[in-house]
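With mmCIF, C-alpha atoms (C1' of nucleotides) inside, this is protein-v9.cif:
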```cif
data_model
loop_
_atom_site.label_atom_id
_atom_site.label_comp_id
_atom_site.auth_asym_id
_atom_site.auth_seq_id
_atom_site.Cartn_x
_atom_site.Cartn_y
_atom_site.Cartn_z
CA MET M 534 2.79 103.59 -85.54
CA GLY M 535 3.84 107.21 -85.92
CA PRO M 536 5.93 109.22 -83.49
CA HIS M 537 4.39 109.92 -80.11
CA THR M 538 4.06 113.61 -80.59
CA ILE M 539 0.34 113.83 -79.99
CA GLU M 540 -0.74 115.63 -76.90
CA MET M 541 -3.56 113.77 -75.22
CA THR M 542 -5.87 116.04 -73.32
CA ASN M 543 -7.58 113.14 -71.63
CA ASP M 544 -8.17 109.44 -71.64
CA ILE M 545 -11.35 109.53 -73.73
CA GLU M 546 -9.64 111.35 -76.56
CA HIS M 547 -6.72 108.96 -76.29
CA ARG M 548 -8.95 105.95 -76.72
CA LEU M 549 -10.56 107.39 -79.84
CA LYS M 550 -7.24 108.15 -81.47
CA ASN M 551 -5.95 104.72 -80.56
CA LYS M 552 -8.75 103.24 -82.62
CA ASP M 553 -8.11 105.65 -85.47
CA ILE M 554 -11.28 107.63 -84.85
CA ASN M 555 -11.27 111.36 -85.31
CA PRO M 556 -12.09 112.71 -81.84
CA THR M 557 -14.88 115.20 -82.45
CA ALA M 558 -16.87 116.76 -79.64
CA MET M 559 -19.84 114.53 -80.32
CA ARG M 560 -17.73 111.39 -80.29
CA LEU M 561 -16.03 112.36 -77.05
CA LEU M 562 -19.44 112.79 -75.45
CA VAL M 563 -20.76 109.50 -76.78
CA LEU M 564 -17.71 107.53 -75.69
CA ASP M 565 -17.81 109.19 -72.30
CA PHE M 566 -21.45 108.19 -71.95
CA LEU M 567 -20.76 104.64 -73.05
CA THR M 568 -17.95 104.32 -70.54
CA LYS M 569 -20.33 105.12 -67.71
CA GLN M 570 -22.83 102.41 -68.61
CA VAL M 571 -23.16 99.18 -66.73
CA ALA M 572 -25.43 97.55 -69.29
CA ALA M 573 -25.47 97.60 -73.07
CA ILE M 574 -27.56 100.43 -74.48
CA SER M 575 -29.77 100.93 -77.49
CA LEU M 576 -29.81 103.91 -79.80
CA ASN M 577 -32.88 105.10 -77.91
CA ASP M 578 -31.09 104.84 -74.60
CA LEU M 579 -28.20 106.84 -76.00
CA GLU M 580 -30.51 109.48 -77.38
CA LYS M 581 -32.27 109.87 -74.04
CA GLY M 582 -29.06 109.80 -72.05
CA MET M 583 -27.25 112.42 -74.07
CA GLY M 584 -28.15 116.06 -74.18
CA PRO M 585 -30.27 117.11 -77.14
CA SER M 586 -28.58 115.55 -80.14
CA ASP M 587 -29.54 114.33 -83.54
CA ARG M 588 -30.59 110.70 -83.51
CA ILE M 589 -29.03 109.95 -86.90
CA THR M 590 -25.70 111.38 -85.88
CA LEU M 591 -25.72 109.21 -82.79
CA TYR M 592 -26.60 106.25 -84.99
CA ARG M 593 -23.68 106.92 -87.27
CA THR M 594 -21.38 107.51 -84.33
CA LEU M 595 -22.19 104.06 -83.01
CA LYS M 596 -21.67 102.56 -86.46
CA THR M 597 -18.31 104.24 -86.73
CA PHE M 598 -17.32 103.01 -83.28
CA GLU M 599 -18.36 99.52 -84.26
CA GLU M 600 -16.41 99.54 -87.53
CA LYS M 601 -13.31 100.68 -85.72
CA GLY M 602 -13.63 98.04 -83.03
CA LEU M 603 -14.46 100.33 -80.15
CA VAL M 604 -17.92 98.93 -79.47
CA HIS M 605 -19.72 95.77 -80.46
CA SER M 606 -23.40 95.39 -81.18
CA ILE M 607 -25.68 92.86 -79.56
CA GLU M 608 -28.91 91.45 -80.90
CA ASP M 609 -30.69 90.47 -77.74
CA GLY M 610 -34.01 89.66 -79.34
CA THR M 611 -35.77 92.77 -78.10
CA GLY M 612 -35.80 94.21 -81.58
CA ALA M 613 -33.46 97.08 -80.77
CA THR M 614 -29.75 96.60 -81.32
CA LYS M 615 -27.70 97.17 -78.18
CA TYR M 616 -24.14 98.49 -78.04
CA ALA M 617 -21.39 98.03 -75.51
CA LEU M 618 -17.70 98.85 -75.32
CA CYS M 619 -15.34 96.22 -76.61
CA GLU M 620 -12.49 94.77 -74.69
CA ASP M 621 -9.08 96.06 -75.58
CA ASN M 622 -8.01 93.21 -77.80
CA CYS M 623 -10.70 94.05 -80.33
CA ASP M 624 -10.09 95.45 -83.77
CA GLY M 625 -12.38 96.40 -86.59
CA ASP M 626 -11.97 93.28 -88.67
CA GLN M 627 -12.29 90.65 -86.02
CA HIS M 628 -14.21 91.15 -82.85
CA HIS M 629 -12.62 89.05 -80.19
CA ASP M 630 -15.48 89.53 -77.80
CA LEU M 631 -16.66 85.95 -77.85
CA HIS M 632 -18.20 86.34 -74.47
CA VAL M 633 -21.75 85.55 -73.47
CA HIS M 634 -24.43 88.23 -73.39
CA PHE M 635 -27.09 88.07 -70.74
CA TYR M 636 -30.56 89.55 -71.01
CA CYS M 637 -32.44 89.90 -67.74
CA ASN M 638 -36.12 89.14 -68.09
CA THR M 639 -36.80 91.16 -64.96
CA CYS M 640 -34.95 94.44 -65.39
CA LYS M 641 -34.82 94.11 -69.20
CA GLU M 642 -31.16 95.04 -69.30
CA THR M 643 -28.53 93.38 -71.46
CA PHE M 644 -25.11 92.72 -69.94
CA CYS M 645 -21.79 91.58 -71.28
CA LEU M 646 -20.29 88.72 -69.30
CA PRO M 647 -16.69 89.22 -70.39
CA ASN M 648 -15.40 86.39 -68.25
CA THR M 649 -17.94 83.89 -69.54
CA LYS M 650 -16.67 82.76 -72.91
CA ILE M 651 -18.59 80.82 -75.50
CA PRO M 652 -17.18 77.28 -75.42
CA GLU M 653 -15.91 75.42 -78.46
CA ILE M 654 -18.79 73.91 -80.39
CA SER M 655 -18.15 70.97 -82.63
CA LEU M 656 -20.31 71.37 -85.70
CA PRO M 657 -21.40 68.74 -88.21
CA LYS M 658 -18.96 67.81 -90.97
CA ARG M 659 -18.03 70.65 -93.30
CA PHE M 660 -19.71 73.43 -91.34
CA GLN M 661 -17.24 76.21 -90.75
CA THR M 662 -17.55 78.79 -87.98
CA GLU M 663 -16.83 82.45 -88.59
CA GLU M 664 -18.83 84.12 -85.83
CA MET M 665 -20.73 83.11 -82.72
CA ASN M 666 -23.44 84.81 -80.77
CA LEU M 667 -24.79 83.47 -77.52
CA ILE M 668 -27.60 85.21 -75.68
CA ILE M 669 -28.69 83.80 -72.37
CA LYS M 670 -31.93 85.07 -70.90
CA GLY M 671 -32.92 84.78 -67.30
CA ILE M 672 -32.54 86.67 -64.05
CA CYS M 673 -29.44 88.75 -63.39
CA ASP M 674 -27.57 88.94 -60.12
CA GLN M 675 -29.16 92.24 -59.12
CA CYS M 676 -32.69 90.99 -59.73
CA HIS M 677 -32.08 87.61 -58.15
CA PRO M 678 -34.49 87.15 -55.22
CA GLY M 679 -33.21 86.36 -51.73
CA MET O 696 -56.78 63.64 -73.17
CA GLY O 697 -60.13 62.76 -74.72
CA PRO O 698 -61.17 59.52 -76.39
CA HIS O 699 -59.47 58.63 -79.64
CA THR O 700 -62.51 59.03 -81.83
CA ILE O 701 -61.02 61.53 -84.22
CA GLU O 702 -60.56 60.36 -87.77
CA MET O 703 -57.26 61.59 -89.10
CA THR O 704 -57.34 62.21 -92.80
CA ASN O 705 -53.62 62.59 -92.95
CA ASP O 706 -50.46 63.15 -91.02
CA ILE O 707 -50.49 66.94 -91.27
CA GLU O 708 -53.92 67.22 -89.72
CA HIS O 709 -52.88 64.76 -87.06
CA ARG O 710 -49.91 66.87 -86.08
CA LEU O 711 -52.04 70.00 -85.74
CA LYS O 712 -54.58 68.29 -83.53
CA ASN O 713 -51.84 66.80 -81.42
CA LYS O 714 -50.70 70.32 -80.63
CA ASP O 715 -54.25 71.46 -79.93
CA ILE O 716 -54.43 73.59 -83.06
CA ASN O 717 -57.67 73.78 -85.00
CA PRO O 718 -56.76 72.30 -88.40
CA THR O 719 -58.08 74.84 -90.86
CA ALA O 720 -57.33 74.72 -94.56
CA MET O 721 -54.83 77.55 -94.26
CA ARG O 722 -53.01 75.93 -91.36
CA LEU O 723 -52.80 72.61 -93.16
CA LEU O 724 -51.20 74.36 -96.10
CA VAL O 725 -48.74 76.28 -93.96
CA LEU O 726 -47.68 73.24 -91.97
CA ASP O 727 -47.31 71.26 -95.15
CA PHE O 728 -45.10 73.98 -96.56
CA LEU O 729 -43.01 74.16 -93.40
CA THR O 730 -42.51 70.42 -93.44
CA LYS O 731 -40.97 70.62 -96.88
CA GLN O 732 -38.36 73.20 -95.92
CA VAL O 733 -34.74 72.40 -95.36
CA ALA O 734 -33.89 75.79 -93.85
CA ALA O 735 -35.75 78.08 -91.50
CA ILE O 736 -37.99 80.54 -93.32
CA SER O 737 -39.09 84.10 -92.80
CA LEU O 738 -42.60 85.46 -93.13
CA ASN O 739 -41.59 86.76 -96.54
CA ASP O 740 -40.39 83.34 -97.61
CA LEU O 741 -43.67 81.84 -96.50
CA GLU O 742 -45.67 84.46 -98.34
CA LYS O 743 -43.74 83.84 -101.55
CA GLY O 744 -43.83 80.09 -101.19
CA MET O 745 -47.54 79.79 -100.60
CA GLY O 746 -50.22 80.51 -103.14
CA PRO O 747 -51.80 83.94 -102.92
CA SER O 748 -52.57 84.42 -99.24
CA ASP O 749 -52.91 87.25 -96.84
CA ARG O 750 -49.63 88.15 -95.21
CA ILE O 751 -51.19 88.96 -91.84
CA THR O 752 -52.98 85.65 -91.71
CA LEU O 753 -49.72 83.88 -92.40
CA TYR O 754 -48.11 85.95 -89.67
CA ARG O 755 -50.77 84.95 -87.18
CA THR O 756 -50.60 81.35 -88.27
CA LEU O 757 -46.90 81.29 -87.45
CA LYS O 758 -47.56 82.97 -84.11
CA THR O 759 -50.21 80.38 -83.28
CA PHE O 760 -47.87 77.57 -84.25
CA GLU O 761 -45.20 79.05 -82.06
CA GLU O 762 -47.48 79.44 -79.03
CA LYS O 763 -48.58 75.86 -79.36
CA GLY O 764 -45.05 74.55 -79.64
CA LEU O 765 -45.20 73.45 -83.24
CA VAL O 766 -42.55 75.84 -84.52
CA HIS O 767 -39.86 77.95 -82.89
CA SER O 768 -38.64 81.33 -84.00
CA ILE O 769 -35.03 82.24 -84.65
CA GLU O 770 -33.44 85.66 -84.53
CA ASP O 771 -30.49 85.22 -86.84
CA GLY O 772 -29.50 88.85 -86.99
CA THR O 773 -30.78 89.44 -90.51
CA GLY O 774 -33.64 91.51 -89.17
CA ALA O 775 -36.35 89.10 -90.23
CA THR O 776 -37.50 86.46 -87.76
CA LYS O 777 -37.13 82.93 -89.09
CA TYR O 778 -39.35 79.98 -88.23
CA ALA O 779 -38.69 76.26 -88.21
CA LEU O 780 -40.53 73.18 -87.03
CA CYS O 781 -39.86 72.11 -83.48
CA GLU O 782 -38.73 68.71 -82.47
CA ASP O 783 -41.40 66.49 -81.00
CA ASN O 784 -40.54 67.02 -77.37
CA CYS O 785 -41.53 70.67 -77.56
CA ASP O 786 -44.55 72.19 -75.90
CA GLY O 787 -45.90 75.72 -75.82
CA ASP O 788 -44.57 76.69 -72.42
CA GLN O 789 -41.05 75.41 -72.69
CA HIS O 790 -39.23 75.05 -75.94
CA HIS O 791 -36.78 72.21 -75.60
CA ASP O 792 -35.02 73.10 -78.80
CA LEU O 793 -31.76 74.08 -77.21
CA HIS O 794 -29.91 73.29 -80.36
CA VAL O 795 -27.56 75.54 -82.26
CA HIS O 796 -28.74 77.61 -85.20
CA PHE O 797 -26.41 78.17 -88.10
CA TYR O 798 -26.51 81.08 -90.48
CA CYS O 799 -24.57 80.64 -93.71
CA ASN O 800 -22.85 83.81 -94.83
CA THR O 801 -22.71 82.44 -98.37
CA CYS O 802 -26.19 81.16 -99.13
CA LYS O 803 -27.82 83.34 -96.46
CA GLU O 804 -29.89 80.44 -95.15
CA THR O 805 -30.52 79.66 -91.51
CA PHE O 806 -30.42 76.03 -90.42
CA CYS O 807 -31.32 74.17 -87.27
CA LEU O 808 -28.58 71.84 -86.10
CA PRO O 809 -30.76 69.60 -83.96
CA ASN O 810 -27.89 67.34 -83.01
CA THR O 811 -25.63 70.17 -81.92
CA LYS O 812 -26.80 71.18 -78.48
CA ILE O 813 -25.81 74.28 -76.57
CA PRO O 814 -23.44 73.15 -73.84
CA GLU O 815 -23.86 73.97 -70.17
CA ILE O 816 -22.57 77.43 -69.42
CA SER O 817 -21.53 78.27 -65.92
CA LEU O 818 -22.57 81.85 -65.25
CA PRO O 819 -21.29 84.25 -62.60
CA LYS O 820 -22.74 83.95 -59.12
CA ARG O 821 -26.48 84.58 -58.87
CA PHE O 822 -27.17 84.71 -62.58
CA GLN O 823 -29.98 82.32 -63.41
CA THR O 824 -30.59 80.88 -66.88
CA GLU O 825 -34.08 80.64 -68.31
CA GLU O 826 -33.40 80.56 -72.06
CA MET O 827 -30.43 80.26 -74.37
CA ASN O 828 -29.91 81.25 -77.94
CA LEU O 829 -26.80 80.43 -79.90
CA ILE O 830 -26.35 81.55 -83.47
CA ILE O 831 -23.23 80.49 -85.29
CA LYS O 832 -22.41 82.19 -88.56
CA GLY O 833 -20.08 80.83 -91.16
CA ILE O 834 -20.14 78.56 -94.19
CA CYS O 835 -22.56 75.66 -94.34
CA ASP O 836 -21.76 72.19 -95.63
CA GLN O 837 -23.38 72.82 -99.01
CA CYS O 838 -21.46 76.04 -99.62
CA HIS O 839 -18.17 74.69 -98.31
CA PRO O 840 -15.54 74.86 -101.07
CA GLY O 841 -13.64 71.79 -102.17
"C1'" DA I 346 -82.29 79.15 -86.94
"C1'" DT I 347 -79.26 81.64 -84.06
"C1'" DG I 348 -75.80 82.97 -81.14
"C1'" DA I 349 -71.02 82.39 -79.76
"C1'" DC I 350 -66.57 81.87 -81.00
"C1'" DG I 351 -62.58 81.32 -83.78
"C1'" DA I 352 -60.31 82.36 -88.18
"C1'" DT I 353 -59.51 85.30 -91.93
"C1'" DG I 354 -58.68 89.54 -94.72
"C1'" DC I 355 -57.93 94.35 -95.13
"C1'" DA I 356 -56.40 98.73 -93.37
"C1'" DA I 357 -53.59 101.23 -90.57
"C1'" DT I 358 -49.87 102.04 -87.46
"C1'" DG I 359 -45.44 101.81 -84.79
"C1'" DC I 360 -40.76 101.23 -84.51
"C1'" DT I 361 -36.02 100.46 -85.95
"C1'" DA I 362 -32.70 100.82 -89.39
"C1'" DT I 363 -30.85 103.22 -93.24
"C1'" DT I 364 -29.85 106.45 -97.02
"C1'" DG I 365 -29.69 111.10 -99.64
"C1'" DC I 366 -28.50 115.49 -99.48
"C1'" DA I 367 -27.46 120.00 -97.89
"C1'" DA I 368 -24.99 122.63 -94.40
"C1'" DT I 369 -21.24 122.97 -91.52
"C1'" DG I 370 -16.74 122.32 -89.62
"C1'" DT I 371 -11.86 120.97 -90.18
"C1'" DT I 372 -7.47 120.39 -92.38
"C1'" DA I 373 -3.76 120.95 -95.71
"C1'" DG I 374 -1.62 123.39 -99.33
"C1'" DC I 375 -0.72 127.64 -101.49
"C1'" DG V 815 -5.17 134.21 -94.65
"C1'" DC V 816 -7.59 131.98 -98.37
"C1'" DT V 817 -9.37 128.12 -100.61
"C1'" DA V 818 -10.10 123.45 -102.03
"C1'" DA V 819 -10.86 118.90 -100.32
"C1'" DC V 820 -12.67 116.11 -97.08
"C1'" DA V 821 -15.08 114.57 -92.82
"C1'" DT V 822 -18.85 115.32 -89.85
"C1'" DT V 823 -23.32 116.69 -88.67
"C1'" DG V 824 -28.33 117.62 -89.10
"C1'" DC V 825 -32.67 117.21 -91.39
"C1'" DA V 826 -35.83 114.84 -94.43
"C1'" DA V 827 -37.37 110.85 -96.30
"C1'" DT V 828 -37.81 105.99 -96.95
"C1'" DA V 829 -37.70 100.96 -96.37
"C1'" DG V 830 -38.90 96.90 -94.01
"C1'" DC V 831 -40.65 94.07 -90.36
"C1'" DA V 832 -43.83 93.56 -86.60
"C1'" DT V 833 -48.24 94.30 -84.71
"C1'" DT V 834 -53.02 95.70 -83.75
"C1'" DG V 835 -58.05 97.06 -84.81
"C1'" DC V 836 -61.95 95.97 -86.94
"C1'" DA V 837 -65.24 94.02 -90.01
"C1'" DT V 838 -66.48 89.72 -92.26
"C1'" DC V 839 -67.02 85.02 -92.64
"C1'" DG V 840 -67.27 80.13 -91.30
"C1'" DT V 841 -68.17 76.63 -87.93
"C1'" DC V 842 -70.22 74.49 -84.18
"C1'" DA V 843 -73.46 73.81 -80.36
"C1'" DT V 844 -77.82 74.77 -78.60
#
```
Give the structure from this file in structure tokens form.
Amino acid sequence: MGPHTIEMTNDIEHRLKNKDINPTAMRLLVLDFLTKQVAAISLNDLEKGMGPSDRITLYRTLKTFEEKGLVHSIEDGTGATKYALCEDNCDGDQHHDLHVHFYCNTCKETFCLPNTKIPEISLPKRFQTEEMNLIIKGICDQCHPG
Amino acid sequence: MGPHTIEMTNDIEHRLKNKDINPTAMRLLVLDFLTKQVAAISLNDLEKGMGPSDRITLYRTLKTFEEKGLVHSIEDGTGATKYALCEDNCDGDQHHDLHVHFYCNTCKETFCLPNTKIPEISLPKRFQTEEMNLIIKGICDQCHPG
DNA sequence: ATGACGATGCAATGCTATTGCAATGTTAGC
DNA sequence: GCTAACATTGCAATAGCATTGCATCGTCAT
């Protein structure tokens, strides 16, 4: 790492630079928005949640964040890719977020369950794992009746 | 169930009627094709594999098969939904195919691993499971080097 | 025969993801 | 400060899969 001569104006900017992402105004806004989310969001959600912005730029911002290991994408089966912030030990090459994702059939939100890890799976002979993706669908704690 | 007066001309027709699916010529052909597959197939694969047929009809045939519990669909992250035959203990309401699906990064095929079941996952308090979907990506036995 | 119903085929549409390209902003060297 | 090089942004356009509407056709029961 280089010398610590950079002046950080705030935490958001710091987190972008840490991941080697040029902190433009747009990216600061997007990361700030992502930080405030409880659930994973789609490109549509982001577009609606941000002020008037270009959809494609937001799309590419998310892609950049994903490449650099700042967010990870989730295919929850709804057809629209969802994005959520990674945990700290994530880098671009290898996402370490082997946690379970939960889709609530009631509120239609997708959540990361960072403390629920995907267990070891023993595959048939000569199958080699590189990635795992576990989506559990059901009813989330907030929507749970009673 | 009604009296066993139906004459089965072959196994394929039998399997359709067992699932309460009207055995039309098209459906016999599609089920026959599905039976011959080693990997899960997309609508495109089906269209290419069959003789000249209408894509929409094939689409609806797959949907019908899925509703009736004859096939299950797999979202493997490639963008195109894949379909594969269910195991026998499957019905329309509740798919019992809680097995792992494997996507090979080399040959790009998606396989069912019917003997590799998704283990019990203990979720945080008040989260309730209704469905599970585990996709493992890596290198399949056929593509494994050495 | 005929009427009801399911299946099929064609057309059209919606939605998400993705790329090309031009315009704009930013940075480094002179 | 000026300019070239590069990154970012915005707009237009396209690709690909999923899905629905509607007309036609076939089948079956009355």
Practice task
List, as a PyMOL selection string, every residue that the PyMOL selection byres ((chain M) within 12 of (chain O)) selects in the file provided.
Solution key: chain M and resi 606-614+631-639+644-679
Take the residues from that selection and write them out as a PDB file, in the coordinates of the input, keeping C-alpha atoms.
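Result saved to result11.pdb:
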```pdb
ATOM      1  CA  SER M 606     -23.400  95.390 -81.180  1.00  0.00           C
ATOM      2  CA  ILE M 607     -25.680  92.860 -79.560  1.00  0.00           C
ATOM      3  CA  GLU M 608     -28.910  91.450 -80.900  1.00  0.00           C
ATOM      4  CA  ASP M 609     -30.690  90.470 -77.740  1.00  0.00           C
ATOM      5  CA  GLY M 610     -34.010  89.660 -79.340  1.00  0.00           C
ATOM      6  CA  THR M 611     -35.770  92.770 -78.100  1.00  0.00           C
ATOM      7  CA  GLY M 612     -35.800  94.210 -81.580  1.00  0.00           C
ATOM      8  CA  ALA M 613     -33.460  97.080 -80.770  1.00  0.00           C
ATOM      9  CA  THR M 614     -29.750  96.600 -81.320  1.00  0.00           C
ATOM     10  CA  LEU M 631     -16.660  85.950 -77.850  1.00  0.00           C
ATOM     11  CA  HIS M 632     -18.200  86.340 -74.470  1.00  0.00           C
ATOM     12  CA  VAL M 633     -21.750  85.550 -73.470  1.00  0.00           C
ATOM     13  CA  HIS M 634     -24.430  88.230 -73.390  1.00  0.00           C
ATOM     14  CA  PHE M 635     -27.090  88.070 -70.740  1.00  0.00           C
ATOM     15  CA  TYR M 636     -30.560  89.550 -71.010  1.00  0.00           C
ATOM     16  CA  CYS M 637     -32.440  89.900 -67.740  1.00  0.00           C
ATOM     17  CA  ASN M 638     -36.120  89.140 -68.090  1.00  0.00           C
ATOM     18  CA  THR M 639     -36.800  91.160 -64.960  1.00  0.00           C
ATOM     19  CA  PHE M 644     -25.110  92.720 -69.940  1.00  0.00           C
ATOM     20  CA  CYS M 645     -21.790  91.580 -71.280  1.00  0.00           C
ATOM     21  CA  LEU M 646     -20.290  88.720 -69.300  1.00  0.00           C
ATOM     22  CA  PRO M 647     -16.690  89.220 -70.390  1.00  0.00           C
ATOM     23  CA  ASN M 648     -15.400  86.390 -68.250  1.00  0.00           C
ATOM     24  CA  THR M 649     -17.940  83.890 -69.540  1.00  0.00           C
ATOM     25  CA  LYS M 650     -16.670  82.760 -72.910  1.00  0.00           C
ATOM     26  CA  ILE M 651     -18.590  80.820 -75.500  1.00  0.00           C
ATOM     27  CA  PRO M 652     -17.180  77.280 -75.420  1.00  0.00           C
ATOM     28  CA  GLU M 653     -15.910  75.420 -78.460  1.00  0.00           C
ATOM     29  CA  ILE M 654     -18.790  73.910 -80.390  1.00  0.00           C
ATOM     30  CA  SER M 655     -18.150  70.970 -82.630  1.00  0.00           C
ATOM     31  CA  LEU M 656     -20.310  71.370 -85.700  1.00  0.00           C
ATOM     32  CA  PRO M 657     -21.400  68.740 -88.210  1.00  0.00           C
ATOM     33  CA  LYS M 658     -18.960  67.810 -90.970  1.00  0.00           C
ATOM     34  CA  ARG M 659     -18.030  70.650 -93.300  1.00  0.00           C
ATOM     35  CA  PHE M 660     -19.710  73.430 -91.340  1.00  0.00           C
ATOM     36  CA  GLN M 661     -17.240  76.210 -90.750  1.00  0.00           C
ATOM     37  CA  THR M 662     -17.550  78.790 -87.980  1.00  0.00           C
ATOM     38  CA  GLU M 663     -16.830  82.450 -88.590  1.00  0.00           C
ATOM     39  CA  GLU M 664     -18.830  84.120 -85.830  1.00  0.00           C
ATOM     40  CA  MET M 665     -20.730  83.110 -82.720  1.00  0.00           C
ATOM     41  CA  ASN M 666     -23.440  84.810 -80.770  1.00  0.00           C
ATOM     42  CA  LEU M 667     -24.790  83.470 -77.520  1.00  0.00           C
ATOM     43  CA  ILE M 668     -27.600  85.210 -75.680  1.00  0.00           C
ATOM     44  CA  ILE M 669     -28.690  83.800 -72.370  1.00  0.00           C
ATOM     45  CA  LYS M 670     -31.930  85.070 -70.900  1.00  0.00           C
ATOM     46  CA  GLY M 671     -32.920  84.780 -67.300  1.00  0.00           C
ATOM     47  CA  ILE M 672     -32.540  86.670 -64.050  1.00  0.00           C
ATOM     48  CA  CYS M 673     -29.440  88.750 -63.390  1.00  0.00           C
ATOM     49  CA  ASP M 674     -27.570  88.940 -60.120  1.00  0.00           C
ATOM     50  CA  GLN M 675     -29.160  92.240 -59.120  1.00  0.00           C
ATOM     51  CA  CYS M 676     -32.690  90.990 -59.730  1.00  0.00           C
ATOM     52  CA  HIS M 677     -32.080  87.610 -58.150  1.00  0.00           C
ATOM     53  CA  PRO M 678     -34.490  87.150 -55.220  1.00  0.00           C
ATOM     54  CA  GLY M 679     -33.210  86.360 -51.730  1.00  0.00           C
TER      55      GLY M 679
END
```
Completion exercise
Separating atom CA of O:Arg710 from atom CA of O:Arg755, to the nearest tenth of an Å, is a gap of 18.1 Å
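Evaluated on this file, the PyMOL selection byres ((chain I and resi 369) around 10) matches DA367, DA368, DG370 and DT371 of chain I; DT822, DT823 and DG824 of chain V.
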Residue selection dump (C-alpha atoms (C1' of nucleotides)) as an mmCIF file, keeping the file's coordinate frame:
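Contents of selection_10.cif, as written:
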```cif
data_model
loop_
_atom_site.group_PDB
_atom_site.id
_atom_site.type_symbol
_atom_site.label_atom_id
_atom_site.label_comp_id
_atom_site.auth_asym_id
_atom_site.auth_seq_id
_atom_site.Cartn_x
_atom_site.Cartn_y
_atom_site.Cartn_z
ATOM 1 C "C1'" DA I 367 -27.460 120.000 -97.890
ATOM 2 C "C1'" DA I 368 -24.990 122.630 -94.400
ATOM 3 C "C1'" DG I 370 -16.740 122.320 -89.620
ATOM 4 C "C1'" DT I 371 -11.860 120.970 -90.180
ATOM 5 C "C1'" DT V 822 -18.850 115.320 -89.850
ATOM 6 C "C1'" DT V 823 -23.320 116.690 -88.670
ATOM 7 C "C1'" DG V 824 -28.330 117.620 -89.100
#
```
Exercise for the section: Using the chain letters and numbering of this document, enumerate as number ranges by chain the residues selected by the PyMOL selection byres ((chain I and resi 346-353) around 8). Expected result: O: 752; I: 354; V: 839-840
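Near chain I, counting only C-alpha atoms (C1' of nucleotides) at 12 Å, the chain M residues are M:Asn555, M:Pro556, M:Thr557, M:Ala558, M:Ser575, M:Leu576, M:Asn577, M:Arg588, M:Ile589, M:Tyr592, M:Arg593, M:Lys596, M:Thr611, M:Gly612, M:Ala613, M:Thr614, M:Lys615.
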Take the selection from the previous step and output its residues with C-alpha atoms, as a PDB file, keeping the file's coordinate frame.
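The resulting file, part.pdb, is reproduced below:
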```
ATOM      1  CA  ASN M 555     -11.270 111.360 -85.310  1.00  0.00           C
ATOM      2  CA  PRO M 556     -12.090 112.710 -81.840  1.00  0.00           C
ATOM      3  CA  THR M 557     -14.880 115.200 -82.450  1.00  0.00           C
ATOM      4  CA  ALA M 558     -16.870 116.760 -79.640  1.00  0.00           C
ATOM      5  CA  SER M 575     -29.770 100.930 -77.490  1.00  0.00           C
ATOM      6  CA  LEU M 576     -29.810 103.910 -79.800  1.00  0.00           C
ATOM      7  CA  ASN M 577     -32.880 105.100 -77.910  1.00  0.00           C
ATOM      8  CA  ARG M 588     -30.590 110.700 -83.510  1.00  0.00           C
ATOM      9  CA  ILE M 589     -29.030 109.950 -86.900  1.00  0.00           C
ATOM     10  CA  TYR M 592     -26.600 106.250 -84.990  1.00  0.00           C
ATOM     11  CA  ARG M 593     -23.680 106.920 -87.270  1.00  0.00           C
ATOM     12  CA  LYS M 596     -21.670 102.560 -86.460  1.00  0.00           C
ATOM     13  CA  THR M 611     -35.770  92.770 -78.100  1.00  0.00           C
ATOM     14  CA  GLY M 612     -35.800  94.210 -81.580  1.00  0.00           C
ATOM     15  CA  ALA M 613     -33.460  97.080 -80.770  1.00  0.00           C
ATOM     16  CA  THR M 614     -29.750  96.600 -81.320  1.00  0.00           C
ATOM     17  CA  LYS M 615     -27.700  97.170 -78.180  1.00  0.00           C
TER      18      LYS M 615
END
```
Go through chain V residue by residue and, counting all atoms listed in the file, keep those with an atom at most 10 Å from chain O; for each kept residue give the shortest atom pair and its distance in Å to one decimal, ordered by chain and increasing number, as CSV.
```
residue,atom,partner,partner_atom,distance
V:DG830,C1',O:Gly774,CA,9.0
V:DC831,C1',O:Ala775,CA,6.6
V:DA832,C1',O:Tyr754,CA,9.3
V:DT833,C1',O:Ile751,CA,9.4
```
Handout entry: Atom-to-atom span, atom CA of O:Asn705 and atom CA of O:Ala779, Å
Key = 20.8 Å
Practice task
Measure the distance from atom CA of M:Glu642 to atom CA of M:Val571 in Å and round it to one decimal.
Solution key: 9.4 Å
Handout entry: Within 12 Å of file point (-47.4, 74.6, -98.7), counting only C-alpha atoms (C1' of nucleotides), expressed as a list of chain:residue names
Key = O:Ile707, O:Ala720, O:Met721, O:Arg722, O:Leu723, O:Leu724, O:Val725, O:Leu726, O:Asp727, O:Phe728, O:Leu729, O:Thr730, O:Lys731, O:Gln732, O:Asp740, O:Leu741, O:Glu742, O:Lys743, O:Gly744, O:Met745, O:Gly746, O:Pro747, O:Ser748, O:Leu753
